[in-house]
Amino acid sequence: MSTDILPASSLTTALTIEQFVHAMPKVELHCHLFGTVRQATFRALAAKSGNVVTPEEIDAFYTRGDKPVGVLRVLRALDAHLIISPSDLYCLAYEYLEDAHSHNVRYAEFFWNPTGTVRVSGIRYESAQDAIVAAIRDAQRDFGVIGRLIPSIDREASPAEAVQMVEWMKAYRAPEVIGIGIDYRENDRPPELFAEAYRLAREAGFKCTAHAGEFGMPWMNVETAVDLLQVDRVDHGYTIVDNAALAQRCVEQDLIFTVVPTNSYYLRTLAPERWALDHPIRTMARLGLRLHPNSDDPTLHHVTPTGAWLMMREFGFGLDDMRGFMLNGLDAAWIDDSMRRDWKVEFTRQFDVLRARVAE
């Protein structure tokens, strides 16, 4: 199968910025499976479960105003009421990868929280993982997109349950399951609570990342993720801008931060006229940190991979910065070095051909 994503029609037609960003090859490294649910699929899941979650409630979930609230309640509702069989997880994963492919995402690493699936939805870990892995394999066969799964610690649950998650991963190991993350509300749940789970994951050969500094939580959480959890990259990490020395250390360690332009906290707390000027993503770049933009919860945030990259333009980044973000994504991706080298050549070639066609 050819991996070239350039249009087969005219290669000389001028491109708008949006067309260029859509066509450029991408990887996605920070996306939550339950945050990708199509609204129609959400309604279908609700109908199957007897509409415990009403159509009106679902419409409210997909309403994102000028001061958007977070989406964690939506993710909890899926676990509690709507995900009742492995086939539901298969559907979500397959549709997400199909949607990502439509935005020229070539490779996607996405999060799933097994604790909720097992404890609340009542689906055994191995059955759930098998369903998601089957969707990954089918999507690669059907669309050519490569998917990889990152089981993610529910930090609102106990540290013991985090350890249990890692033990499940070890017992039912699959090549598509490549590392661990941690998410949900960071308030009062600092990274050090989960150091044992991360130690066990690293010893088992899994890669590690962590949400830290997301909800305005202090920079110490980023420092702990880097130093104690020994993460390979950082998800969000915005409050690192409050500690220039820590930022410089992360620059020297060549850590990459998977940032989310649509993050609800900053859209909600910054004034609209100052949002793009004061957002910490701008400061992170000025400090020399390596960034890679992602969609996070695309359907709930009303964004696509293309849209997330376009929003970086609001922070003042140009097309040449996009090239750097693209290469950062390849360096941060948990792929083998041979694929990384090949893709850097291929992605750069495609980027440059497309870049030459942009009418600015």
# chains A, B, ... in the order shown; residues from 1 in each chain; ligands from 1
>>> residues_around(residues="Thr348 (chain A)", least_positions_apart="2", cutoff="12 Å", atoms="only C-alpha atoms", output="MDAnalysis selection string")
chainID A and resid 4 24:26 320 322:328 330 340:346 350:355
>>> residues_around(residues="Met311 (chain A)", least_positions_apart="6", cutoff="10 Å", atoms="only C-alpha atoms", output="PyMOL selection string")
chain A and resi 260-262+276+293+303+317
>>> write_last_selection(atoms="N, CA and C atoms", output="mmCIF file, in the first residue's frame")
data_model
loop_
_atom_site.group_PDB
_atom_site.id
_atom_site.type_symbol
_atom_site.label_atom_id
_atom_site.label_comp_id
_atom_site.auth_asym_id
_atom_site.auth_seq_id
_atom_site.Cartn_x
_atom_site.Cartn_y
_atom_site.Cartn_z
ATOM 1 N N VAL A 260 -2.305 20.714 24.268
ATOM 2 C CA VAL A 260 -3.679 20.672 23.768
ATOM 3 C C VAL A 260 -4.206 22.099 23.674
ATOM 4 N N PRO A 261 -4.274 22.683 22.474
ATOM 5 C CA PRO A 261 -4.760 24.067 22.342
ATOM 6 C C PRO A 261 -6.174 24.264 22.862
ATOM 7 N N THR A 262 -7.020 23.223 22.834
ATOM 8 C CA THR A 262 -8.412 23.362 23.251
ATOM 9 C C THR A 262 -8.615 23.061 24.730
ATOM 10 N N ALA A 276 -5.031 33.928 23.432
ATOM 11 C CA ALA A 276 -3.908 33.499 22.603
ATOM 12 C C ALA A 276 -2.605 34.161 23.018
ATOM 13 N N PRO A 293 1.282 19.464 19.141
ATOM 14 C CA PRO A 293 -0.145 19.714 19.380
ATOM 15 C C PRO A 293 -1.009 18.482 19.119
ATOM 16 N N VAL A 303 -13.156 19.671 17.960
ATOM 17 C CA VAL A 303 -11.915 19.903 17.242
ATOM 18 C C VAL A 303 -11.526 18.624 16.520
ATOM 19 N N PHE A 317 2.400 30.878 15.890
ATOM 20 C CA PHE A 317 3.310 29.958 15.222
ATOM 21 C C PHE A 317 3.045 29.934 13.720
#
>>> select_by_dssp(residues="region 86-157 of chain A", states="strand (DSSP E)", output="ChimeraX atom specification")
/A:105-112,146-154
>>> write_last_selection(atoms="N, CA and C atoms", output="compact mmCIF listing (two decimals), in the first residue's frame")
# COMPACT_ATOMS: atom_id res chain seq x y z
N VAL A 105 -3.73 11.61 9.79
CA VAL A 105 -2.96 11.10 10.91
C VAL A 105 -2.48 9.71 10.51
N ARG A 106 -1.19 9.54 10.47
CA ARG A 106 -0.61 8.27 10.05
C ARG A 106 -0.42 7.30 11.22
N TYR A 107 -0.31 7.87 12.41
CA TYR A 107 0.02 7.05 13.58
C TYR A 107 -0.63 7.73 14.79
N ALA A 108 -1.32 6.94 15.63
CA ALA A 108 -2.03 7.50 16.77
C ALA A 108 -1.83 6.63 18.01
N GLU A 109 -1.40 7.26 19.08
CA GLU A 109 -1.34 6.62 20.38
C GLU A 109 -2.47 7.22 21.22
N PHE A 110 -3.35 6.37 21.75
CA PHE A 110 -4.50 6.91 22.46
C PHE A 110 -4.69 6.23 23.80
N PHE A 111 -5.29 6.97 24.74
CA PHE A 111 -5.45 6.54 26.12
C PHE A 111 -6.79 5.83 26.33
N TRP A 112 -6.74 4.87 27.24
CA TRP A 112 -7.96 4.18 27.70
C TRP A 112 -7.76 3.88 29.18
N ILE A 146 -1.87 3.51 11.73
CA ILE A 146 -1.32 2.66 12.78
C ILE A 146 -1.79 3.20 14.12
N GLY A 147 -2.41 2.36 14.92
CA GLY A 147 -2.87 2.74 16.25
C GLY A 147 -2.12 2.00 17.33
N ARG A 148 -1.91 2.67 18.44
CA ARG A 148 -1.30 2.05 19.60
C ARG A 148 -2.05 2.50 20.85
N LEU A 149 -2.15 1.58 21.81
CA LEU A 149 -2.98 1.79 23.00
C LEU A 149 -2.12 2.08 24.22
N ILE A 150 -2.53 3.09 25.00
CA ILE A 150 -1.86 3.43 26.26
C ILE A 150 -2.88 3.32 27.39
N PRO A 151 -2.91 2.19 28.12
CA PRO A 151 -3.74 2.13 29.33
C PRO A 151 -3.32 3.24 30.29
N SER A 152 -4.30 3.91 30.85
CA SER A 152 -4.02 5.10 31.64
C SER A 152 -4.58 4.96 33.05
N ILE A 153 -3.76 5.31 34.02
CA ILE A 153 -4.15 5.25 35.42
C ILE A 153 -5.24 6.28 35.70
N ASP A 154 -6.28 5.86 36.39
CA ASP A 154 -7.30 6.77 36.89
C ASP A 154 -6.79 7.32 38.21
>>> closest_residue(among="A:Ala204, A:Ala212, A:Leu267, A:Val133", to="Val177 (chain A)", atoms="only C-alpha atoms")
A:Val133
>>> residues_around(residues="Gly65 (chain A)", least_positions_apart="6", cutoff="12 Å", atoms="only C-alpha atoms", output="count of residues only")
6
>>> residues_around(residues="Arg249 (chain A)", least_positions_apart="5", cutoff="12 Å", atoms="only C-alpha atoms", output="list in words")
Val222, Glu223, Val226, Asp227, Ile240, Asn243, Ala244, Asp254, Leu255, Leu287, Gly288 and Leu289 of chain A
>>> residues_around(residues="Glu56 (chain A)", least_positions_apart="3", cutoff="12 Å", atoms="only C-alpha atoms", output="PyMOL selection string")
chain A and resi 39+42-43+46+51-53+59-63
>>> closest_residue(among="A:Gly307, A:Gly318, A:Val145, A:Thr209", to="Val27 (chain A)", atoms="only C-alpha atoms")
A:Val145
>>> closest_residue(among="A:Phe347, A:Pro175, A:His211, A:Pro298", to="Val37 (chain A)", atoms="only C-alpha atoms")
A:Pro298
>>> residues_around(residues="Asn187 (chain A)", least_positions_apart="3", cutoff="10 Å", atoms="only C-alpha atoms", output="ChimeraX atom specification")
/A:155-156,184,190,213-218
>>> select_by_dssp(residues="region 47-226 of chain A", states="alpha helix (DSSP H)", output="ChimeraX atom specification")
/A:47-48,55-61,72-77,86-101,114-119,125-143,159-171,195-203,219-226
>>> closest_residue(among="A:Thr304, A:Thr299, A:Gln253, A:Gln248", to="Gly35 (chain A)", atoms="only C-alpha atoms")
A:Thr299
>>> residues_around(residues="Ala14 (chain A)", least_positions_apart="3", cutoff="8 Å", atoms="only C-alpha atoms", output="list in words")
Arg357, Val358 and Ala359 of chain A
